[in-house]
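Structure file upload04.cif with mmCIF, N, CA and C atoms:
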data_input
loop_
_atom_site.label_atom_id
_atom_site.label_comp_id
_atom_site.auth_asym_id
_atom_site.auth_seq_id
_atom_site.Cartn_x
_atom_site.Cartn_y
_atom_site.Cartn_z
N SER S 937 178.87 0.99 235.11
CA SER S 937 178.13 2.19 234.72
C SER S 937 176.86 1.80 233.97
N MET S 938 175.85 2.63 234.12
CA MET S 938 174.60 2.41 233.42
C MET S 938 174.08 3.78 232.98
N ILE S 939 173.61 3.87 231.75
CA ILE S 939 173.07 5.12 231.22
C ILE S 939 171.59 4.93 230.93
N TYR S 940 170.78 5.91 231.34
CA TYR S 940 169.35 5.87 231.14
C TYR S 940 168.94 7.07 230.28
N LYS S 941 168.41 6.80 229.11
CA LYS S 941 167.91 7.83 228.20
C LYS S 941 168.93 8.92 227.89
N LYS S 942 170.21 8.61 227.86
CA LYS S 942 171.30 9.52 227.50
C LYS S 942 171.42 10.74 228.39
N GLU S 943 170.63 10.84 229.44
CA GLU S 943 170.68 12.00 230.34
C GLU S 943 171.11 11.62 231.75
N LEU S 944 170.77 10.43 232.16
CA LEU S 944 171.01 10.00 233.52
C LEU S 944 171.95 8.80 233.52
N SER S 945 173.03 8.90 234.29
CA SER S 945 173.95 7.77 234.37
C SER S 945 174.26 7.44 235.83
N PHE S 946 174.48 6.17 236.07
CA PHE S 946 174.80 5.66 237.40
C PHE S 946 176.11 4.89 237.30
N SER S 947 176.90 4.93 238.34
CA SER S 947 178.08 4.07 238.39
C SER S 947 178.27 3.58 239.82
N LEU S 948 178.85 2.42 239.93
CA LEU S 948 179.10 1.80 241.22
C LEU S 948 180.38 1.00 241.11
N ASN S 949 181.27 1.16 242.07
CA ASN S 949 182.44 0.30 242.11
C ASN S 949 182.71 -0.09 243.55
N ILE S 950 183.11 -1.31 243.72
CA ILE S 950 183.40 -1.86 245.04
C ILE S 950 184.72 -2.61 244.94
N CYS S 951 185.57 -2.42 245.93
CA CYS S 951 186.84 -3.13 245.95
C CYS S 951 187.00 -3.83 247.30
N TRP S 952 187.24 -5.11 247.25
CA TRP S 952 187.55 -5.90 248.44
C TRP S 952 188.90 -6.53 248.19
N GLN S 953 189.83 -6.30 249.09
CA GLN S 953 191.17 -6.86 248.92
C GLN S 953 191.63 -7.50 250.22
N GLU S 954 192.24 -8.64 250.09
CA GLU S 954 192.71 -9.40 251.25
C GLU S 954 194.24 -9.38 251.21
N LEU S 955 194.82 -8.28 251.71
CA LEU S 955 196.28 -8.12 251.70
C LEU S 955 196.82 -8.57 253.05
N LYS S 956 197.58 -9.65 253.04
CA LYS S 956 198.08 -10.25 254.28
C LYS S 956 199.61 -10.21 254.32
N ASN S 957 200.14 -10.12 255.53
CA ASN S 957 201.57 -10.20 255.76
C ASN S 957 201.96 -11.68 255.69
N ILE S 958 202.86 -12.04 254.81
CA ILE S 958 203.28 -13.44 254.69
C ILE S 958 204.75 -13.60 255.10
N SER S 959 205.23 -12.69 255.90
CA SER S 959 206.61 -12.74 256.38
C SER S 959 206.65 -13.22 257.83
N ASN S 960 207.69 -13.94 258.18
CA ASN S 960 207.90 -14.39 259.56
C ASN S 960 208.85 -13.46 260.32
N TYR S 961 208.94 -12.22 259.89
CA TYR S 961 209.85 -11.28 260.53
C TYR S 961 209.09 -10.05 260.98
N ASN S 962 209.48 -9.51 262.13
CA ASN S 962 208.91 -8.26 262.62
C ASN S 962 209.42 -7.11 261.78
N TYR S 963 208.90 -5.93 262.04
CA TYR S 963 209.31 -4.74 261.29
C TYR S 963 210.76 -4.36 261.57
N ASP S 964 211.33 -4.81 262.70
CA ASP S 964 212.74 -4.51 263.00
C ASP S 964 213.68 -5.60 262.49
N GLY S 965 213.16 -6.62 261.81
CA GLY S 965 214.00 -7.66 261.21
C GLY S 965 214.17 -8.91 262.06
N THR S 966 213.65 -8.93 263.27
CA THR S 966 213.77 -10.11 264.13
C THR S 966 212.71 -11.15 263.74
N PHE S 967 213.06 -12.43 263.92
CA PHE S 967 212.15 -13.52 263.57
C PHE S 967 210.98 -13.59 264.54
N SER S 968 209.77 -13.69 264.01
CA SER S 968 208.57 -13.83 264.83
C SER S 968 207.40 -14.18 263.92
N THR S 969 206.46 -14.93 264.47
CA THR S 969 205.26 -15.24 263.70
C THR S 969 204.06 -14.41 264.16
N LEU S 970 204.30 -13.41 265.01
CA LEU S 970 203.22 -12.59 265.57
C LEU S 970 202.37 -11.93 264.48
N TYR S 971 203.00 -11.41 263.46
CA TYR S 971 202.27 -10.68 262.42
C TYR S 971 201.98 -11.52 261.18
N TYR S 972 202.39 -12.78 261.19
CA TYR S 972 202.19 -13.64 260.04
C TYR S 972 200.69 -13.84 259.77
N ASN S 973 200.29 -13.68 258.54
CA ASN S 973 198.92 -13.90 258.07
C ASN S 973 197.90 -12.92 258.68
N THR S 974 198.35 -11.73 259.06
CA THR S 974 197.44 -10.69 259.53
C THR S 974 197.29 -9.63 258.43
N ARG S 975 196.18 -8.91 258.45
CA ARG S 975 195.97 -7.85 257.45
C ARG S 975 197.04 -6.77 257.60
N LEU S 976 197.41 -6.18 256.48
CA LEU S 976 198.38 -5.09 256.51
C LEU S 976 197.77 -3.86 257.17
N PRO S 977 198.52 -3.20 258.05
CA PRO S 977 198.00 -1.98 258.67
C PRO S 977 197.92 -0.83 257.66
N ASN S 978 197.14 0.15 257.97
CA ASN S 978 196.98 1.37 257.16
C ASN S 978 196.46 1.10 255.75
N THR S 979 195.78 -0.01 255.56
CA THR S 979 195.32 -0.38 254.23
C THR S 979 193.85 -0.78 254.29
N PRO S 980 192.95 0.02 253.72
CA PRO S 980 191.54 -0.38 253.71
C PRO S 980 191.35 -1.68 252.93
N TRP S 981 190.47 -2.52 253.41
CA TRP S 981 190.24 -3.79 252.71
C TRP S 981 188.89 -3.84 252.00
N LEU S 982 188.00 -2.89 252.32
CA LEU S 982 186.71 -2.81 251.64
C LEU S 982 186.36 -1.34 251.45
N PHE S 983 186.19 -0.93 250.20
CA PHE S 983 185.83 0.45 249.91
C PHE S 983 185.12 0.51 248.57
N GLY S 984 184.45 1.63 248.30
CA GLY S 984 183.74 1.76 247.05
C GLY S 984 183.18 3.15 246.85
N GLN S 985 182.50 3.31 245.72
CA GLN S 985 181.92 4.60 245.36
C GLN S 985 180.67 4.35 244.53
N ALA S 986 179.66 5.18 244.74
CA ALA S 986 178.47 5.18 243.90
C ALA S 986 178.26 6.61 243.42
N ALA S 987 177.88 6.77 242.15
CA ALA S 987 177.71 8.11 241.59
C ALA S 987 176.48 8.14 240.68
N ILE S 988 175.90 9.33 240.60
CA ILE S 988 174.79 9.58 239.68
C ILE S 988 175.05 10.93 239.00
N VAL S 989 174.81 10.98 237.70
CA VAL S 989 175.02 12.21 236.93
C VAL S 989 173.81 12.42 236.02
N TRP S 990 173.26 13.61 236.06
CA TRP S 990 172.21 14.00 235.13
C TRP S 990 172.78 15.08 234.24
N ALA S 991 172.79 14.86 232.93
CA ALA S 991 173.38 15.81 231.99
C ALA S 991 172.38 16.13 230.88
N LYS S 992 172.29 17.42 230.55
CA LYS S 992 171.38 17.84 229.49
C LYS S 992 171.92 19.12 228.85
N LYS S 993 171.69 19.25 227.57
CA LYS S 993 172.13 20.45 226.84
C LYS S 993 171.10 21.55 226.97
N ASP S 994 171.60 22.78 226.91
CA ASP S 994 170.77 23.99 226.85
C ASP S 994 169.82 24.16 228.05
N VAL S 995 170.25 23.78 229.24
CA VAL S 995 169.42 23.94 230.44
C VAL S 995 169.61 25.33 231.02
N VAL S 996 170.85 25.71 231.30
CA VAL S 996 171.14 27.00 231.92
C VAL S 996 171.38 28.06 230.85
N LEU S 997 172.24 27.73 229.89
CA LEU S 997 172.59 28.65 228.80
C LEU S 997 172.51 27.90 227.48
N PRO S 998 172.23 28.61 226.38
CA PRO S 998 172.23 27.94 225.07
C PRO S 998 173.65 27.51 224.69
N ASN S 999 173.75 26.44 223.93
CA ASN S 999 175.01 25.88 223.44
C ASN S 999 175.95 25.44 224.58
N THR S 1000 175.37 25.00 225.66
CA THR S 1000 176.16 24.47 226.77
C THR S 1000 175.54 23.15 227.23
N LYS S 1001 176.32 22.42 228.00
CA LYS S 1001 175.84 21.18 228.59
C LYS S 1001 175.94 21.31 230.10
N THR S 1002 174.86 21.04 230.80
CA THR S 1002 174.83 21.14 232.26
C THR S 1002 174.82 19.73 232.85
N GLU S 1003 175.65 19.54 233.86
CA GLU S 1003 175.68 18.26 234.58
C GLU S 1003 175.47 18.51 236.06
N PHE S 1004 174.51 17.83 236.65
CA PHE S 1004 174.33 17.79 238.10
C PHE S 1004 174.83 16.42 238.54
N PHE S 1005 175.64 16.38 239.57
CA PHE S 1005 176.19 15.09 239.97
C PHE S 1005 176.25 14.96 241.49
N GLY S 1006 176.22 13.73 241.91
CA GLY S 1006 176.37 13.40 243.32
C GLY S 1006 177.07 12.06 243.43
N ASP S 1007 177.88 11.93 244.43
CA ASP S 1007 178.52 10.64 244.66
C ASP S 1007 178.74 10.44 246.15
N VAL S 1008 178.99 9.22 246.50
CA VAL S 1008 179.26 8.88 247.89
C VAL S 1008 180.40 7.87 247.90
N TYR S 1009 181.37 8.13 248.77
CA TYR S 1009 182.52 7.24 248.96
C TYR S 1009 182.34 6.48 250.27
N TYR S 1010 182.65 5.20 250.24
CA TYR S 1010 182.55 4.36 251.43
C TYR S 1010 183.91 3.70 251.68
N VAL S 1011 184.36 3.75 252.93
CA VAL S 1011 185.57 3.03 253.35
C VAL S 1011 185.21 2.31 254.65
N HIS S 1012 185.35 0.98 254.64
CA HIS S 1012 185.05 0.20 255.84
C HIS S 1012 186.20 0.37 256.84
N ASN S 1013 185.90 0.23 258.13
CA ASN S 1013 186.95 0.43 259.14
C ASN S 1013 188.12 -0.53 258.91
N PHE S 1014 189.32 -0.08 259.28
CA PHE S 1014 190.52 -0.89 259.11
C PHE S 1014 191.53 -0.51 260.18
N PHE S 1015 192.55 -1.32 260.33
CA PHE S 1015 193.51 -1.15 261.41
C PHE S 1015 194.57 -0.10 261.09
N LEU S 1016 194.85 0.75 262.07
CA LEU S 1016 195.93 1.73 261.95
C LEU S 1016 197.27 1.05 262.22
N ARG S 1017 197.30 0.15 263.19
CA ARG S 1017 198.52 -0.59 263.54
C ARG S 1017 198.29 -2.06 263.19
N PRO S 1018 199.33 -2.88 263.27
CA PRO S 1018 199.14 -4.30 262.92
C PRO S 1018 197.98 -4.93 263.68
N GLU S 1019 197.25 -5.77 263.00
CA GLU S 1019 196.04 -6.40 263.53
C GLU S 1019 196.30 -7.16 264.83
N ALA S 1020 197.48 -7.74 264.98
CA ALA S 1020 197.80 -8.54 266.17
C ALA S 1020 198.09 -7.68 267.40
N ASP S 1021 198.35 -6.40 267.23
CA ASP S 1021 198.65 -5.52 268.36
C ASP S 1021 197.37 -5.12 269.09
N GLY S 1022 197.44 -5.11 270.40
CA GLY S 1022 196.31 -4.67 271.21
C GLY S 1022 195.22 -5.72 271.25
N GLY S 1023 194.16 -5.39 271.95
CA GLY S 1023 193.03 -6.30 272.06
C GLY S 1023 191.80 -5.53 272.47
N GLY S 1024 190.65 -5.96 271.99
CA GLY S 1024 189.40 -5.31 272.35
C GLY S 1024 189.38 -3.84 271.98
N SER S 1025 189.07 -2.99 272.95
CA SER S 1025 188.95 -1.56 272.69
C SER S 1025 190.31 -0.87 272.56
N SER S 1026 191.43 -1.59 272.85
CA SER S 1026 192.74 -0.95 272.74
C SER S 1026 193.30 -1.00 271.32
N LYS S 1027 192.61 -1.68 270.41
CA LYS S 1027 193.09 -1.71 269.02
C LYS S 1027 192.88 -0.33 268.39
N TYR S 1028 193.83 0.07 267.58
CA TYR S 1028 193.73 1.35 266.89
C TYR S 1028 193.04 1.13 265.55
N ILE S 1029 191.83 1.65 265.44
CA ILE S 1029 191.02 1.42 264.25
C ILE S 1029 190.67 2.76 263.59
N ILE S 1030 190.81 2.79 262.29
CA ILE S 1030 190.33 3.94 261.52
C ILE S 1030 188.86 3.64 261.22
N PRO S 1031 187.93 4.50 261.66
CA PRO S 1031 186.50 4.16 261.58
C PRO S 1031 185.96 4.12 260.15
N THR S 1032 184.81 3.48 260.02
CA THR S 1032 184.09 3.45 258.74
C THR S 1032 183.72 4.87 258.35
N GLN S 1033 183.83 5.16 257.05
CA GLN S 1033 183.55 6.51 256.55
C GLN S 1033 182.59 6.43 255.37
N LEU S 1034 181.64 7.34 255.35
CA LEU S 1034 180.69 7.48 254.25
C LEU S 1034 180.64 8.96 253.91
N ILE S 1035 181.22 9.34 252.79
CA ILE S 1035 181.43 10.75 252.44
C ILE S 1035 180.65 11.10 251.16
N PRO S 1036 179.61 11.95 251.27
CA PRO S 1036 178.85 12.37 250.09
C PRO S 1036 179.36 13.70 249.51
N ASN S 1037 179.30 13.79 248.19
CA ASN S 1037 179.71 15.00 247.46
C ASN S 1037 178.63 15.33 246.43
N VAL S 1038 178.47 16.62 246.12
CA VAL S 1038 177.54 17.05 245.08
C VAL S 1038 178.18 18.16 244.26
N GLY S 1039 177.63 18.40 243.07
CA GLY S 1039 178.16 19.49 242.27
C GLY S 1039 177.37 19.73 241.00
N ILE S 1040 177.76 20.80 240.32
CA ILE S 1040 177.16 21.17 239.03
C ILE S 1040 178.30 21.64 238.13
N THR S 1041 178.23 21.23 236.88
CA THR S 1041 179.22 21.64 235.88
C THR S 1041 178.50 22.22 234.67
N GLU S 1042 179.01 23.32 234.17
CA GLU S 1042 178.51 23.92 232.94
C GLU S 1042 179.63 23.82 231.91
N GLN S 1043 179.39 23.11 230.81
CA GLN S 1043 180.41 22.92 229.77
C GLN S 1043 180.11 23.84 228.59
N PHE S 1044 181.09 24.70 228.28
CA PHE S 1044 180.98 25.63 227.16
C PHE S 1044 181.77 25.01 226.01
N GLU S 1045 181.08 24.26 225.15
CA GLU S 1045 181.74 23.44 224.14
C GLU S 1045 182.48 24.28 223.09
N LYS S 1046 181.95 25.42 222.71
CA LYS S 1046 182.58 26.23 221.65
C LYS S 1046 183.94 26.78 222.09
N ILE S 1047 184.10 27.07 223.36
CA ILE S 1047 185.38 27.63 223.83
C ILE S 1047 186.18 26.61 224.65
N HIS S 1048 185.76 25.33 224.60
CA HIS S 1048 186.50 24.22 225.24
C HIS S 1048 186.76 24.48 226.72
N THR S 1049 185.75 24.97 227.41
CA THR S 1049 185.91 25.34 228.82
C THR S 1049 184.74 24.80 229.62
N SER S 1050 185.01 24.52 230.89
CA SER S 1050 183.91 24.15 231.79
C SER S 1050 184.12 24.84 233.13
N LEU S 1051 183.02 25.09 233.80
CA LEU S 1051 183.04 25.72 235.12
C LEU S 1051 182.22 24.83 236.05
N SER S 1052 182.83 24.45 237.17
CA SER S 1052 182.16 23.55 238.12
C SER S 1052 182.12 24.18 239.50
N PHE S 1053 181.04 23.90 240.20
CA PHE S 1053 180.94 24.22 241.62
C PHE S 1053 180.65 22.90 242.33
N GLU S 1054 181.50 22.55 243.30
CA GLU S 1054 181.37 21.27 243.99
C GLU S 1054 181.41 21.47 245.50
N ILE S 1055 180.66 20.64 246.20
CA ILE S 1055 180.71 20.61 247.65
C ILE S 1055 181.16 19.19 248.03
N HIS S 1056 182.34 19.09 248.60
CA HIS S 1056 182.87 17.80 249.04
C HIS S 1056 182.51 17.60 250.51
N ASN S 1057 182.20 16.37 250.85
CA ASN S 1057 181.82 16.00 252.22
C ASN S 1057 180.68 16.90 252.71
N ILE S 1058 179.61 16.90 251.95
CA ILE S 1058 178.48 17.79 252.22
C ILE S 1058 177.89 17.58 253.62
N SER S 1059 178.01 16.38 254.17
CA SER S 1059 177.47 16.09 255.50
C SER S 1059 178.44 16.47 256.62
N ASP S 1060 179.62 16.97 256.26
CA ASP S 1060 180.64 17.39 257.22
C ASP S 1060 181.02 16.24 258.18
N THR S 1061 181.08 15.03 257.63
CA THR S 1061 181.43 13.83 258.39
C THR S 1061 182.94 13.82 258.67
N LYS S 1062 183.33 13.35 259.85
CA LYS S 1062 184.76 13.21 260.13
C LYS S 1062 185.32 12.14 259.21
N SER S 1063 186.41 12.49 258.53
CA SER S 1063 187.06 11.54 257.63
C SER S 1063 188.56 11.55 257.88
N TYR S 1064 189.19 10.43 257.54
CA TYR S 1064 190.61 10.23 257.87
C TYR S 1064 191.36 9.64 256.69
N ASP S 1065 192.67 9.88 256.66
CA ASP S 1065 193.50 9.21 255.67
C ASP S 1065 193.93 7.85 256.23
N ASN S 1066 194.86 7.18 255.56
CA ASN S 1066 195.26 5.83 255.97
C ASN S 1066 196.09 5.80 257.25
N PHE S 1067 196.47 6.95 257.79
CA PHE S 1067 197.24 6.99 259.03
C PHE S 1067 196.46 7.70 260.14
N LYS S 1068 195.14 7.79 259.97
CA LYS S 1068 194.20 8.42 260.90
C LYS S 1068 194.46 9.90 261.14
N VAL S 1069 194.99 10.56 260.13
CA VAL S 1069 195.10 12.01 260.17
C VAL S 1069 193.78 12.54 259.62
N GLN S 1070 193.13 13.41 260.39
CA GLN S 1070 191.81 13.88 259.97
C GLN S 1070 191.92 14.75 258.73
N LYS S 1071 191.02 14.49 257.78
CA LYS S 1071 190.94 15.27 256.54
C LYS S 1071 189.99 16.45 256.76
N PRO S 1072 189.99 17.41 255.85
CA PRO S 1072 189.06 18.54 256.01
C PRO S 1072 187.61 18.07 256.02
N GLY S 1073 186.77 18.84 256.68
CA GLY S 1073 185.33 18.56 256.67
C GLY S 1073 184.73 19.04 255.36
N ARG S 1074 183.58 19.67 255.43
CA ARG S 1074 182.91 20.17 254.23
C ARG S 1074 183.78 21.23 253.56
N THR S 1075 183.96 21.10 252.25
CA THR S 1075 184.74 22.08 251.50
C THR S 1075 183.99 22.46 250.22
N PHE S 1076 184.24 23.67 249.76
CA PHE S 1076 183.60 24.20 248.56
C PHE S 1076 184.67 24.43 247.51
N HIS S 1077 184.37 24.05 246.28
CA HIS S 1077 185.36 24.13 245.20
C HIS S 1077 184.72 24.79 243.97
N LEU S 1078 185.44 25.73 243.40
CA LEU S 1078 185.06 26.33 242.13
C LEU S 1078 186.20 26.00 241.17
N VAL S 1079 185.89 25.27 240.11
CA VAL S 1079 186.92 24.75 239.21
C VAL S 1079 186.65 25.25 237.80
N LEU S 1080 187.65 25.89 237.21
CA LEU S 1080 187.60 26.32 235.81
C LEU S 1080 188.56 25.45 235.02
N ARG S 1081 188.05 24.79 233.97
CA ARG S 1081 188.90 23.91 233.15
C ARG S 1081 188.90 24.44 231.73
N TYR S 1082 190.10 24.39 231.14
CA TYR S 1082 190.22 24.70 229.72
C TYR S 1082 190.85 23.48 229.06
N ILE S 1083 190.24 22.99 228.01
CA ILE S 1083 190.70 21.78 227.34
C ILE S 1083 191.50 22.17 226.10
N LEU S 1084 192.75 21.77 226.08
CA LEU S 1084 193.61 22.05 224.93
C LEU S 1084 193.29 21.07 223.82
N LYS S 1085 193.11 21.60 222.62
CA LYS S 1085 192.81 20.72 221.48
C LYS S 1085 193.84 20.92 220.42
#
As structure tokens:
Amino acid sequence: SMIYKKELSFSLNICWQELKNISNYNYDGTFSTLYYNTRLPNTPWLFGQAAIVWAKKDVVLPNTKTEFFGDVYYVHNFFLRPEADGGGSSKYIIPTQLIPNVGITEQFEKIHTSLSFEIHNISDTKSYDNFKVQKPGRTFHLVLRYILK
């Protein structure tokens, strides 16, 4: 994370993981080296997020803090089934995904409440979970939070 002049902040995180099968047994328990040292299926190996937030007091209403934010999630393509299965175009791959989100939050500090409006997947990009089930496209969210003190 990096903060610029107490109003603008940036964050970036990247994760690369090399998760390999180190077993000499198939999924049904029979001995085989077919899947040995291959990447685990249904598991992304490279993903990350970048975000930017601009926050300032008394922009929309007095005695409140307004935040405008945007972020983007990245997931590199990965295998749906074991890496050793199939070949060429017959491999089952969950495609690379780049999903942008934006929003605005108004924080009412005196009453410990915030109200947010967010648009997830603003580009309406096709996105998938780890089993290639398609997730919703563009969605709109109105969130009211009350903080217990």
- Residues picked by the PyMOL selection byres ((chain S and resi 984) around 6) here, as a list in words? Asn949, Ile950, Cys951, Leu982, Phe983, Gln985, Ala986, Val1008, Tyr1009, Tyr1010 and Val1011 of chain S
- Item | Residues matched by the PyMOL selection byres (((chain S and resi 1029 and name CA) around 10) and name CA), written as a ChimeraX atom specification | /S:977-978,1013-1017,1019,1025-1028,1030-1032,1067-1068
- Message: I want to know what sits within 7 Å of Lys1062 (chain S), based on all atoms listed in the file, with residues of the same chain fewer than 3 positions away left out; could you give that as a list in words?
- Response: Gln1033, Ser1059, Gln1070, Lys1071, Pro1072 and Gly1073 of chain S
- Residue among S:Trp981, S:Tyr961, S:Tyr972, S:Phe1044 lying closest to Asn999 (chain S), counting all atoms listed in the file: S:Phe1044
- Message: Under the rule that only N, CA and C atoms are counted, which of S:Tyr1082, S:Phe967, S:Phe946, S:Phe1005 is the nearest residue to Ser1050 (chain S)?
- Response: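 Comparing S:Tyr1082, S:Phe967, S:Phe946, S:Phe1005 against Ser1050 (chain S), the winner is S:Tyr1082.
Near Lys992 (chain S), within 6 Å and counting all atoms listed in the file, sit S:Glu943, S:Thr1000, S:Lys1001, S:Thr1002, S:Glu1003; same-chain residues fewer than 5 positions away were not included.
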Any chance you could export the current selection's N, CA and C atoms as an mmCIF file, in the coordinates of the input?
data_model
loop_
_atom_site.group_PDB
_atom_site.id
_atom_site.type_symbol
_atom_site.label_atom_id
_atom_site.label_comp_id
_atom_site.auth_asym_id
_atom_site.auth_seq_id
_atom_site.Cartn_x
_atom_site.Cartn_y
_atom_site.Cartn_z
ATOM 1 N N GLU S 943 170.630 10.840 229.440
ATOM 2 C CA GLU S 943 170.680 12.000 230.340
ATOM 3 C C GLU S 943 171.110 11.620 231.750
ATOM 4 N N THR S 1000 175.370 25.000 225.660
ATOM 5 C CA THR S 1000 176.160 24.470 226.770
ATOM 6 C C THR S 1000 175.540 23.150 227.230
ATOM 7 N N LYS S 1001 176.320 22.420 228.000
ATOM 8 C CA LYS S 1001 175.840 21.180 228.590
ATOM 9 C C LYS S 1001 175.940 21.310 230.100
ATOM 10 N N THR S 1002 174.860 21.040 230.800
ATOM 11 C CA THR S 1002 174.830 21.140 232.260
ATOM 12 C C THR S 1002 174.820 19.730 232.850
ATOM 13 N N GLU S 1003 175.650 19.540 233.860
ATOM 14 C CA GLU S 1003 175.680 18.260 234.580
ATOM 15 C C GLU S 1003 175.470 18.510 236.060
#
- Task: Run DSSP on the backbone and grab whatever in chain S lands in helix (DSSP H, G or I); send it over as an MDAnalysis selection string.
- Result: chainID S and resid 1024:1026 1045:1047
- Item | For atom N of His1056 (chain S) and atom C of Pro998 (chain S), the interatomic separation in Å (one decimal) | 26.8 Å
Mind filling out region 1029-1043 of chain S with N, CA, C and O atoms and sending it as a compact mmCIF listing (two decimals), in the coordinates of the input?
# COMPACT_ATOMS: atom_id res chain seq x y z
N ILE S 1029 191.83 1.65 265.44
CA ILE S 1029 191.02 1.42 264.25
C ILE S 1029 190.67 2.76 263.59
O ILE S 1029 190.29 3.71 264.27
N ILE S 1030 190.81 2.79 262.29
CA ILE S 1030 190.33 3.94 261.52
C ILE S 1030 188.86 3.64 261.22
O ILE S 1030 188.55 2.62 260.61
N PRO S 1031 187.93 4.50 261.66
CA PRO S 1031 186.50 4.16 261.58
C PRO S 1031 185.96 4.12 260.15
O PRO S 1031 186.55 4.68 259.22
N THR S 1032 184.81 3.48 260.02
CA THR S 1032 184.09 3.45 258.74
C THR S 1032 183.72 4.87 258.35
O THR S 1032 183.37 5.69 259.20
N GLN S 1033 183.83 5.16 257.05
CA GLN S 1033 183.55 6.51 256.55
C GLN S 1033 182.59 6.43 255.37
O GLN S 1033 182.71 5.56 254.52
N LEU S 1034 181.64 7.34 255.35
CA LEU S 1034 180.69 7.48 254.25
C LEU S 1034 180.64 8.96 253.91
O LEU S 1034 180.10 9.76 254.67
N ILE S 1035 181.22 9.34 252.79
CA ILE S 1035 181.43 10.75 252.44
C ILE S 1035 180.65 11.10 251.16
O ILE S 1035 180.99 10.66 250.08
N PRO S 1036 179.61 11.95 251.27
CA PRO S 1036 178.85 12.37 250.09
C PRO S 1036 179.36 13.70 249.51
O PRO S 1036 179.78 14.58 250.24
N ASN S 1037 179.30 13.79 248.19
CA ASN S 1037 179.71 15.00 247.46
C ASN S 1037 178.63 15.33 246.43
O ASN S 1037 177.97 14.44 245.91
N VAL S 1038 178.47 16.62 246.12
CA VAL S 1038 177.54 17.05 245.08
C VAL S 1038 178.18 18.16 244.26
O VAL S 1038 179.14 18.80 244.71
N GLY S 1039 177.63 18.40 243.07
CA GLY S 1039 178.16 19.49 242.27
C GLY S 1039 177.37 19.73 241.00
O GLY S 1039 176.46 18.98 240.66
N ILE S 1040 177.76 20.80 240.32
CA ILE S 1040 177.16 21.17 239.03
C ILE S 1040 178.30 21.64 238.13
O ILE S 1040 179.21 22.33 238.58
N THR S 1041 178.23 21.23 236.88
CA THR S 1041 179.22 21.64 235.88
C THR S 1041 178.50 22.22 234.67
O THR S 1041 177.51 21.65 234.21
N GLU S 1042 179.01 23.32 234.17
CA GLU S 1042 178.51 23.92 232.94
C GLU S 1042 179.63 23.82 231.91
O GLU S 1042 180.72 24.37 232.12
N GLN S 1043 179.39 23.11 230.81
CA GLN S 1043 180.41 22.92 229.77
C GLN S 1043 180.11 23.84 228.59
O GLN S 1043 179.04 23.77 228.00
